[in-house]
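Written out below as structure tokens is the structure these notes cover.
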Amino acid sequence: MKVDVLLGLQWGDEGKGKVVDVLTPKYDIIARFQGGPNAGHTIEFEGKKFILHTIPSGIFNKNTENVIGNGVIIDPFVLKKELAKLKEGGIVIGDNLMVSRKAHLILPTHRLLDAVFEKAKGDQKIGSTLKGIGPAYTDKISRNGIRVGDIESSKFEQRYAQAKARHIEIIKQYDAAYDNILIDGLAFEAYETAWMEALESLRALKKVNSEYYINQALDNGKKVLAEGAQGTLLDIDFGSYPFVTSSNTTTAGVCSGLGVSPSRVGKIFGIFKAYCTRVGSGPFPTELFDDDGQLLRDVGREYGSTTGRPRRCGWLDLPALKYAIMLNGVSELMMMKADVLSDFQQIQVATAYTYNGMTTEELPYDGTACEIEPVLNSLQGWNEDLTTKTELAQFPQQLHDYISYIEKEVGVPIKLVSVGPDRSQTIMK
Ligand code: GDP
Ligand code: IMO
Ligand code: MG
């Protein structure tokens, strides 16, 4: 068997959590392969709403196993809260959730580092979720990280103390008043105590060498779906650097983040919103600053699942979508939030960009060094509520036209259309 992949083609928040949950009954294992608690994946069903940060979105199906892979970084404090919220909502977790021993930990001082680095950037700030992502991945790559497997070691406390001391020295160079920084509303010492206590929740979870676990599962005919976090345009290599996250959010990340070879990658589901959003700083060619942008934000409830920040909104960007399809090798597309466009008489779509005196479909090397103007094509809107539609045949003709237009432009079929946040508001083609 092969690992299927579902990942975001824009700047995150495409609706990955919702669709993974919808697809889960078809899979034996759902596995996260990168990112950490910067992710916020929303799942809604039967009047309930959950937001997951670290735990795979397959957790609501009791017959599916969920693996947090080696490429993920874990904050025990966030994970503990996540587990508590699931328990409150009546979701039972036992051996159906497992964590790779090789996944790295986000330490309390990584959160401080994130805050001081971001502050030092001033108006060049990334707009990070401040969950410690950049500093934790930095330690992983510089071979200074602490992994989940290390919490069982007698040397854990010593290694923690060394890492903390090293971080504090760096922090002092930036901000002598670092001990005033609050983490999730707590002063450092209180947060550190809570973090240490939260290690117990992590200790209680099943640990696996997930590369063996997943490959053996595939050998035994099990079906595995890899769940991406963030989006392609936030990829550390191919996103609008430095306004990106610190991991490979693309299909390539599945191989290194789960330990599966490229030849074991199967279908690649690319998910995108029928328009675009971005939270945080960085170039956004089709961004709207007018009433249309506000309408998208209001109707689409475009406020961050992790931070509550208002998301920047704009029209669908076809050159960026093609770029993401190319980088990931997308085999099937899924279009989300089509219902949000129902209020528009006309819908705009970017087909190219103009910058530095040329018109091109290529994203610039540095999108902040030039004025990017989108070349827009205007399409007829449908002006009809979609949220109660249950099958393709009920779609207005203009929506069929919008779908066919995108398919023709990007050369990949759209196999799923989402018309609302609930699990049931999903239409397969
Ligand atoms: P993720 O990070 O990719 O999992 O996406 P988020 O959960 O951060 O953001 C997607 C938001 O849109 C969530 O609030 C979802 O409940 C919501 N959502 C998902 N699909 C649809 C849809 O088709 N229509 C509408 N209106 N909302 C949707
Ligand atoms: P999901 O999985 C949207 C953005 C941040 C910031 C940049 C770097 O829910 O789609 P970081 O915290 O990684 O240092 O932030 O990346 N970002 C996201 N935007 N959805 C996400 O995840 C994101 N995770 C990070 O807003 O611009
Ligand atoms: Mg999200």
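So you can find residues: chains in the structure tokens are A, B, ... in the order shown, residues in each start at 1, and ligands are numbered from 1 in order.
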Tell me, counting only C-alpha atoms and all ligand atoms, for each residue of chain A within 8 Å of ligand 1, which pair of atoms is nearest and how far apart they are in Å to one decimal, in rows ordered by chain and increasing number, as a Markdown table.
```
| residue | atom | partner | partner_atom_place_in_ligand_line | distance |
| --- | --- | --- | --- | --- |
| A:Gly8 | CA | ligand 1 | 3 (O) | 6.6 |
| A:Gly12 | CA | ligand 1 | 3 (O) | 5.5 |
| A:Asp13 | CA | ligand 1 | 5 (O) | 3.3 |
| A:Glu14 | CA | ligand 1 | 3 (O) | 4.0 |
| A:Gly15 | CA | ligand 1 | 3 (O) | 3.5 |
| A:Lys16 | CA | ligand 1 | 3 (O) | 3.7 |
| A:Gly17 | CA | ligand 1 | 4 (O) | 3.7 |
| A:Lys18 | CA | ligand 1 | 19 (C) | 5.9 |
| A:Val19 | CA | ligand 1 | 20 (N) | 7.9 |
| A:Ala39 | CA | ligand 1 | 2 (O) | 6.0 |
| A:Gly40 | CA | ligand 1 | 2 (O) | 4.9 |
| A:His41 | CA | ligand 1 | 4 (O) | 3.3 |
| A:Thr42 | CA | ligand 1 | 7 (O) | 3.5 |
| A:Ile43 | CA | ligand 1 | 16 (O) | 6.0 |
| A:Glu44 | CA | ligand 1 | 16 (O) | 6.3 |
| A:Lys49 | CA | ligand 1 | 16 (O) | 7.9 |
| A:Ile51 | CA | ligand 1 | 7 (O) | 6.9 |
| A:Ala229 | CA | ligand 1 | 2 (O) | 6.7 |
| A:Gln230 | CA | ligand 1 | 2 (O) | 6.6 |
| A:Gly231 | CA | ligand 1 | 3 (O) | 8.0 |
| A:Val299 | CA | ligand 1 | 26 (N) | 7.2 |
| A:Gly300 | CA | ligand 1 | 26 (N) | 5.2 |
| A:Arg301 | CA | ligand 1 | 14 (O) | 6.8 |
| A:Glu302 | CA | ligand 1 | 11 (C) | 7.1 |
| A:Tyr303 | CA | ligand 1 | 14 (O) | 7.9 |
| A:Gly304 | CA | ligand 1 | 8 (O) | 6.3 |
| A:Ser305 | CA | ligand 1 | 8 (O) | 4.9 |
| A:Thr306 | CA | ligand 1 | 8 (O) | 7.5 |
| A:Met335 | CA | ligand 1 | 23 (O) | 7.9 |
| A:Met336 | CA | ligand 1 | 23 (O) | 4.5 |
| A:Lys337 | CA | ligand 1 | 23 (O) | 3.3 |
| A:Ala338 | CA | ligand 1 | 23 (O) | 6.0 |
| A:Asp339 | CA | ligand 1 | 24 (N) | 5.7 |
| A:Val340 | CA | ligand 1 | 26 (N) | 5.6 |
| A:Thr387 | CA | ligand 1 | 24 (N) | 7.8 |
| A:Val417 | CA | ligand 1 | 23 (O) | 7.3 |
| A:Ser418 | CA | ligand 1 | 23 (O) | 3.9 |
| A:Val419 | CA | ligand 1 | 23 (O) | 4.0 |
| A:Gly420 | CA | ligand 1 | 24 (N) | 3.3 |
| A:Pro421 | CA | ligand 1 | 28 (C) | 3.6 |
| A:Asp422 | CA | ligand 1 | 16 (O) | 6.9 |
| A:Gln425 | CA | ligand 1 | 23 (O) | 7.0 |
| A:Thr426 | CA | ligand 1 | 23 (O) | 7.3 |
```
message: Please extract the residues of stretch 123-333 of chain A with a backbone DSSP assignment of strand (DSSP E or B) and present them as a ChimeraX atom specification.
response: /A:147,183,186,206-208,224-227,265-273,276-278,287,303,310,312-314,316-317,332-333
task: Tell me which of A:Val3, A:Ala352, A:Ala115, A:Leu86 sits closest to A:Val254, counting only C-alpha atoms.
output: A:Val3
- request: Just the residues within 12 Å of stretch 134-138 of chain A, please, counting only C-alpha atoms, with nothing from its chain fewer than 2 positions along; format it as a ChimeraX atom specification.
  value: /A:34-38,70-75,103-118,126-132,140-147,163,167,170-171,236,242-248
task: Take atom CA of A:Asp219 and atom CA of A:Asn328 and report the distance between them in Å, one decimal.
output: 24.3 Å
Within 12 Å of A:Lys206 using only C-alpha atoms, minus same-chain residues under 5 positions, as a PDB file with N, CA, C and O atoms, in the first residue's frame:
```pdb
ATOM      1  N   GLU A  65      -6.389   4.745  13.698  1.00  0.00           N
ATOM      2  CA  GLU A  65      -5.235   5.092  14.533  1.00  0.00           C
ATOM      3  C   GLU A  65      -4.679   6.440  14.087  1.00  0.00           C
ATOM      4  O   GLU A  65      -4.774   6.798  12.905  1.00  0.00           O
ATOM      5  N   ASN A  66      -4.100   7.144  15.027  1.00  0.00           N
ATOM      6  CA  ASN A  66      -3.561   8.479  14.737  1.00  0.00           C
ATOM      7  C   ASN A  66      -2.118   8.549  15.191  1.00  0.00           C
ATOM      8  O   ASN A  66      -1.818   8.253  16.353  1.00  0.00           O
ATOM      9  N   VAL A  67      -1.247   8.937  14.268  1.00  0.00           N
ATOM     10  CA  VAL A  67       0.189   8.956  14.578  1.00  0.00           C
ATOM     11  C   VAL A  67       0.709  10.396  14.458  1.00  0.00           C
ATOM     12  O   VAL A  67       0.483  11.066  13.452  1.00  0.00           O
ATOM     13  N   ILE A  68       1.416  10.836  15.496  1.00  0.00           N
ATOM     14  CA  ILE A  68       2.125  12.123  15.425  1.00  0.00           C
ATOM     15  C   ILE A  68       3.559  11.770  15.025  1.00  0.00           C
ATOM     16  O   ILE A  68       4.300  11.162  15.801  1.00  0.00           O
ATOM     17  N   ILE A  93      -9.581   8.636  24.241  1.00  0.00           N
ATOM     18  CA  ILE A  93      -8.273   8.436  23.623  1.00  0.00           C
ATOM     19  C   ILE A  93      -7.472   7.412  24.411  1.00  0.00           C
ATOM     20  O   ILE A  93      -7.346   7.497  25.628  1.00  0.00           O
ATOM     21  N   GLY A  94      -6.988   6.438  23.692  1.00  0.00           N
ATOM     22  CA  GLY A  94      -6.151   5.420  24.327  1.00  0.00           C
ATOM     23  C   GLY A  94      -5.030   5.101  23.370  1.00  0.00           C
ATOM     24  O   GLY A  94      -4.332   6.003  22.911  1.00  0.00           O
ATOM     25  N   ASP A  95      -4.927   3.838  23.003  1.00  0.00           N
ATOM     26  CA  ASP A  95      -3.865   3.414  22.090  1.00  0.00           C
ATOM     27  C   ASP A  95      -4.119   3.858  20.647  1.00  0.00           C
ATOM     28  O   ASP A  95      -3.305   3.588  19.768  1.00  0.00           O
ATOM     29  N   ASN A  96      -5.258   4.515  20.399  1.00  0.00           N
ATOM     30  CA  ASN A  96      -5.527   5.003  19.031  1.00  0.00           C
ATOM     31  C   ASN A  96      -4.730   6.275  18.715  1.00  0.00           C
ATOM     32  O   ASN A  96      -4.768   6.779  17.606  1.00  0.00           O
ATOM     33  N   LEU A  97      -4.009   6.801  19.713  1.00  0.00           N
ATOM     34  CA  LEU A  97      -3.132   7.948  19.467  1.00  0.00           C
ATOM     35  C   LEU A  97      -1.716   7.562  19.853  1.00  0.00           C
ATOM     36  O   LEU A  97      -1.476   7.068  20.958  1.00  0.00           O
ATOM     37  N   MET A  98      -0.778   7.741  18.942  1.00  0.00           N
ATOM     38  CA  MET A  98       0.618   7.423  19.277  1.00  0.00           C
ATOM     39  C   MET A  98       1.567   8.489  18.759  1.00  0.00           C
ATOM     40  O   MET A  98       1.248   9.212  17.805  1.00  0.00           O
ATOM     41  N   VAL A  99       2.694   8.572  19.431  1.00  0.00           N
ATOM     42  CA  VAL A  99       3.634   9.658  19.164  1.00  0.00           C
ATOM     43  C   VAL A  99       4.988   9.066  18.805  1.00  0.00           C
ATOM     44  O   VAL A  99       5.468   8.130  19.461  1.00  0.00           O
ATOM     45  N   SER A 100       5.610   9.642  17.786  1.00  0.00           N
ATOM     46  CA  SER A 100       6.954   9.189  17.423  1.00  0.00           C
ATOM     47  C   SER A 100       7.954   9.599  18.498  1.00  0.00           C
ATOM     48  O   SER A 100       7.954  10.736  18.964  1.00  0.00           O
ATOM     49  N   ARG A 101       8.816   8.668  18.868  1.00  0.00           N
ATOM     50  CA  ARG A 101       9.889   8.997  19.828  1.00  0.00           C
ATOM     51  C   ARG A 101      10.836  10.040  19.243  1.00  0.00           C
ATOM     52  O   ARG A 101      11.539  10.725  19.955  1.00  0.00           O
ATOM     53  N   VAL A 148      11.039  13.500  22.036  1.00  0.00           N
ATOM     54  CA  VAL A 148      10.051  12.833  22.892  1.00  0.00           C
ATOM     55  C   VAL A 148      10.688  11.640  23.607  1.00  0.00           C
ATOM     56  O   VAL A 148      10.498  11.448  24.805  1.00  0.00           O
ATOM     57  N   GLY A 149      11.476  10.861  22.887  1.00  0.00           N
ATOM     58  CA  GLY A 149      12.106   9.679  23.489  1.00  0.00           C
ATOM     59  C   GLY A 149      13.020  10.027  24.656  1.00  0.00           C
ATOM     60  O   GLY A 149      13.245   9.193  25.553  1.00  0.00           O
ATOM     61  N   SER A 201       1.338  13.900  30.709  1.00  0.00           N
ATOM     62  CA  SER A 201       0.353  13.509  29.678  1.00  0.00           C
ATOM     63  C   SER A 201       1.060  12.885  28.494  1.00  0.00           C
ATOM     64  O   SER A 201       0.580  11.940  27.882  1.00  0.00           O
TER      65      SER A 201
END
```
- prompt: Could you pull the residues within 10 Å of A:Glu362, counting only C-alpha atoms, minus those fewer than 2 positions along the same chain, as a ChimeraX atom specification?
  reply: /A:319-320,322-323,352-354,359-360,364-365
task: List every residue of stretch 114-229 of chain A that DSSP, applied to the backbone, labels as alpha helix (DSSP H), and write the result as a count of residues only.
output: 62
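You can rank A:Lys102, A:Lys48, A:Lys222, A:Arg278 by their closest distance to ligand 3 using only C-alpha atoms and all ligand atoms, and at the top of that list sits A:Arg278.
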message: Which residues are near A:Phe188? Cut-off 10 Å, only C-alpha atoms, ignore same chain within fewer than 3 positions. Put them as a list in words.
response: Pro108, Thr109, Arg111, Leu112, Tyr178, Asp179, Asn180, Ile181, Leu182, Ile183, Asp184, Gly185, Tyr191, Glu192, Thr193 and Ala194 of chain A
For the residues in that selection, give me C-alpha atoms as a CSV table (one decimal), in the first residue's frame.
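Below is the file result05.csv, written as the result:
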```csv
chain,number,residue,atom,x,y,z
A,108,PRO,CA,9.2,26.9,27.4
A,109,THR,CA,12.4,28.9,26.4
A,111,ARG,CA,8.4,30.2,23.3
A,112,LEU,CA,10.5,33.1,24.8
A,178,TYR,CA,12.7,38.7,29.0
A,179,ASP,CA,11.2,37.6,32.3
A,180,ASN,CA,8.3,40.0,31.8
A,181,ILE,CA,7.2,38.1,28.7
A,182,LEU,CA,4.0,36.1,29.3
A,183,ILE,CA,3.5,32.8,27.6
A,184,ASP,CA,-0.2,31.9,27.1
A,185,GLY,CA,-0.9,34.5,29.9
A,191,TYR,CA,4.5,28.4,32.6
A,192,GLU,CA,7.6,26.2,33.1
A,193,THR,CA,6.0,24.5,36.1
A,194,ALA,CA,2.8,23.8,34.0
```
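For the choices A:Asp123, A:Leu83, A:Tyr174, A:Arg311, the atom-to-atom distance to ligand 3 is smallest for A:Arg311 when using only C-alpha atoms and all ligand atoms.
Relative to atom CA of A:Arg166, atom CA of A:Thr307 is found at 28.2 Å.
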task: Have a look at atom CA of A:Gly266 and atom CA of A:Lys2 and let me know their distance in Å, one decimal.
output: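 These two atoms are separated by 4.9 Å.
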